[in-house]
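Colleague: Okay, handing you the structure first.
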Amino acid sequence: MSSTEDLDYPQIILQYSSGFLVSKVMFTACELGVFDLLLESGEPLSSDAIAMHLGTSTTGMERLLDACVGLKLLTVELTQEGALYRNTEISNIYLTKSSPKSQYHIMMYYSNAVYLCWHYLADAVREGRNQYERAFGISSKDPFGAMYRSEEEMLKFMAGQNSVWSICGRDVLAAFDLSPFSQIYDLGGGGGALAQECVSLYPNSTVTIYDLSEVVKMAKEQFVPPEEHRIAFHEGDFFNDSIPEAELYILSKILHDWDDDKCRQLLAKVYKACKPGGGVLLVESLLNEDKSGPLETQLYSMNMLVQTEGKERTATEYSKLLEAAGFGEIQVKRTAKLYDA
């Protein structure tokens with residue numbers, strides 16, 4: 001019997017159709033504070049105790065906790081007093097706010113912003129553009145104006161991006177030896193998590209975060225400690241304002257936000273500003289050359305459709321963009337993680 005005949009296609013289709021339920025259960029448990037409470041308690045708790053602490057119904061909380069057990073986010077122990085729940089190690093590390101590797105903020109961004117845009121995925125496919133207008137009543141012509149539509153939303157987005165780099169940053173920065181570059185500009189560096197990882201990995205380097213004035217203000221106030229003198233800031237719009245000279249430019253998850261023309265425009269400006277012998281580090285999630293995968297990157301590309309003007313690309317497509325700007329000696333390193341270099 002062939003491998004395709006062994007597959008239970010009806011079951012696979014049913015699992016695909018209910019996939020959004022899985023993420024929503026995790027998002028809801030994070031939002032309500034389930035994992036934080038169980039970490040702080042230091043002992044397993046009953047569903048009644050968790051519901052009382054978090055101000056929810058007991059019936060709803062019991063079902064949420066059981067679903068989290070099924071997802072291996074919680075464990076349950078049946079005692080004479082009833083079922084007692086505790087976090088798994090994965091939840092303690094990635095789903096509690098206090099963990100250095102917490103993904104809480106990116107979860108909340110996905111739950112409260114990305115999820116709403118995906119409701120209009122069919123419209124995005126029909127029209128070929130992002131869905132901020134339908135989701136939030138905001139013009140789709142300025143994706144980042146929509147993402148930064150309030151200080152609260154900007155803070156959520158920046159915190160979410162920082163949480164990603166807390167687990168992926170070192171992999172992409174170590175993919176190549178960046179120690180020869182002492183003067184680095186992080187274009188669109190946001191909350192500065194990648195810059196902080198960079199100066200930690202390459203202590204002789206200085207990194208300047210180049211971003212919009214409101215983003216720089218938020219980064220200084222909320223994310224980058226003032227005593228970190230190896231990180232500086234430059235306020236501006238790198239499409240419309242000049243880009244200062246540097247040895248290395250980092251563009252992490254920047255090009256995937258824009259169409260090819262905008263990417264060529266930005267890379268040409270970077271090439272013109274770059275010191276002789278310098279370079280650019282692109283950090284993106286790479287598609288296979290035939291675009292058959294990875295699935296995560298294919299889904300990211302769909303997300304670019306509903307949220308931005310861009311898409312995910314293959315290594316060859318990024319190489320062509322770099323070559324068109326004038327860059328040579330292009331190297332590609334796959335990290336076997338979410339993002340490549």
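Chain identifiers are assigned as A, B, and so on, following the order in which chains appear in the structure tokens; residues are numbered from 1 within each chain, and ligands are numbered from 1 in order of appearance.
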Based on DSSP run over this structure's backbone, return all residues of region 57-175 of chain A in helix (DSSP H, G or I), as a count of residues only.
Modeller: 74
Colleague: How far is it from CA of Pro244 (chain A) to CA of Gly277 (chain A), in Å with one decimal?
Modeller: 15.7 Å
Colleague: Do a neighbour search on Gly326 (chain A) at 8 Å with only C-alpha atoms, toss out local chain neighbours closer than 2 positions, and write the hits as a PyMOL selection string.
Modeller: chain A and resi 268+271+322-324+328
Colleague: Let me see the file: selected residues, N, CA and C atoms, as an mmCIF file, in the first residue's frame.
Modeller:
```
data_model
loop_
_atom_site.group_PDB
_atom_site.id
_atom_site.type_symbol
_atom_site.label_atom_id
_atom_site.label_comp_id
_atom_site.auth_asym_id
_atom_site.auth_seq_id
_atom_site.Cartn_x
_atom_site.Cartn_y
_atom_site.Cartn_z
ATOM 1 N N ALA A 268 19.026 50.216 -2.874
ATOM 2 C CA ALA A 268 19.887 51.137 -3.623
ATOM 3 C C ALA A 268 20.395 52.258 -2.722
ATOM 4 N N TYR A 271 23.048 50.702 -0.445
ATOM 5 C CA TYR A 271 24.299 50.477 -1.190
ATOM 6 C C TYR A 271 25.074 51.785 -1.350
ATOM 7 N N LEU A 322 19.294 42.237 -4.242
ATOM 8 C CA LEU A 322 20.588 42.753 -3.794
ATOM 9 C C LEU A 322 21.494 43.082 -4.985
ATOM 10 N N GLU A 323 21.517 42.187 -5.970
ATOM 11 C CA GLU A 323 22.351 42.412 -7.162
ATOM 12 C C GLU A 323 21.903 43.655 -7.923
ATOM 13 N N ALA A 324 20.593 43.865 -8.006
ATOM 14 C CA ALA A 324 20.071 45.030 -8.715
ATOM 15 C C ALA A 324 20.502 46.326 -8.035
ATOM 16 N N GLY A 328 27.460 42.570 -4.294
ATOM 17 C CA GLY A 328 28.035 41.331 -4.816
ATOM 18 C C GLY A 328 28.389 40.399 -3.670
#
```
Colleague: What does the distance between CA of Glu77 (chain A) and CA of Ser46 (chain A) come to in Å, to one decimal place?
Modeller: 9.7 Å
Colleague: DSSP says strand (DSSP E) for which residues of region 101-316 of chain A? Put them as a ChimeraX atom specification?
Modeller: /A:183-187,206-211,231-235,246-252,274-283
Colleague: Env of Leu248 (chain A): 8 Å cut, atoms = only C-alpha atoms, seq-sep filter 6 positions within chain, self excluded. Answer as a list of chain:residue names.
Modeller: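 Final neighbour list, sorted by chain and number: A:Phe181, A:Gln183, A:Ile184, A:Tyr185, A:Cys274, A:Gly278, A:Gly279, A:Val280, A:Leu281.
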Colleague: Can you build me a table of region 76-147 of chain A residues sitting at most 12 Å from region 251-267 of chain A, with the closest atom pair per residue and its distance in Å to one decimal, using only C-alpha atoms, sorted by chain and residue number, as a Markdown table?
Modeller:
```
| residue | atom | partner | partner_atom | distance |
| --- | --- | --- | --- | --- |
| A:Gly128 | CA | A:Asp259 | CA | 11.8 |
| A:Arg129 | CA | A:Asp259 | CA | 11.2 |
| A:Asn130 | CA | A:Asp257 | CA | 10.9 |
| A:Lys141 | CA | A:Trp258 | CA | 11.8 |
| A:Asp142 | CA | A:Trp258 | CA | 11.2 |
| A:Pro143 | CA | A:Asp257 | CA | 8.7 |
| A:Phe144 | CA | A:Asp257 | CA | 9.6 |
```
Colleague: Take the selection from the previous step and output its residues with N, CA and C atoms, as an mmCIF file, in the first residue's frame.
Modeller:
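Wrote part-v7.cif, looks like this:
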```cif
data_model
loop_
_atom_site.group_PDB
_atom_site.id
_atom_site.type_symbol
_atom_site.label_atom_id
_atom_site.label_comp_id
_atom_site.auth_asym_id
_atom_site.auth_seq_id
_atom_site.Cartn_x
_atom_site.Cartn_y
_atom_site.Cartn_z
ATOM 1 N N GLY A 128 -5.828 41.514 -3.640
ATOM 2 C CA GLY A 128 -4.378 41.605 -3.644
ATOM 3 C C GLY A 128 -3.833 42.718 -2.776
ATOM 4 N N ARG A 129 -4.535 43.043 -1.681
ATOM 5 C CA ARG A 129 -4.047 44.107 -0.792
ATOM 6 C C ARG A 129 -4.429 43.814 0.649
ATOM 7 N N ASN A 130 -3.780 44.554 1.564
ATOM 8 C CA ASN A 130 -4.011 44.312 2.990
ATOM 9 C C ASN A 130 -5.419 44.745 3.404
ATOM 10 N N LYS A 141 -3.336 52.099 2.754
ATOM 11 C CA LYS A 141 -2.208 52.617 1.982
ATOM 12 C C LYS A 141 -0.955 52.820 2.823
ATOM 13 N N ASP A 142 -1.097 52.845 4.153
ATOM 14 C CA ASP A 142 0.033 53.046 5.055
ATOM 15 C C ASP A 142 0.019 51.936 6.098
ATOM 16 N N PRO A 143 0.615 50.762 5.778
ATOM 17 C CA PRO A 143 0.535 49.622 6.704
ATOM 18 C C PRO A 143 1.045 49.935 8.104
ATOM 19 N N PHE A 144 2.161 50.677 8.192
ATOM 20 C CA PHE A 144 2.708 50.935 9.522
ATOM 21 C C PHE A 144 1.944 52.037 10.244
#
```
Colleague: Between A:Ala124, A:Cys168, A:Ala113, A:Ala51, which has the minimum distance to Glu153 (chain A) (counting only C-alpha atoms)?
Modeller: A:Ala113
Colleague: Tell me, in Å to one decimal, how far CA of Phe238 (chain A) is from CA of Ile209 (chain A).
Modeller: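 Between these atoms lies a distance of 11.4 Å.
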Colleague: Using only C-alpha atoms for the distances, tell me which of A:Ser166, A:Ser319, A:Thr206, A:Ser111 is nearest to Leu282 (chain A).
Modeller: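 Closest to Leu282 (chain A) of all the choices is A:Ser319.
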Colleague: For Val224 (chain A), which of A:Asp237, A:Lys272, A:Lys101, A:Asn162 is the closest residue, counting only C-alpha atoms?
Modeller: A:Asn162
Colleague: Hey, which of A:Gly192, A:Pro44, A:Lys333, A:Gln15 ends up closest to Leu78 (chain A)? Count only C-alpha atoms.
Modeller: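 The closest residue to Leu78 (chain A) is A:Pro44.
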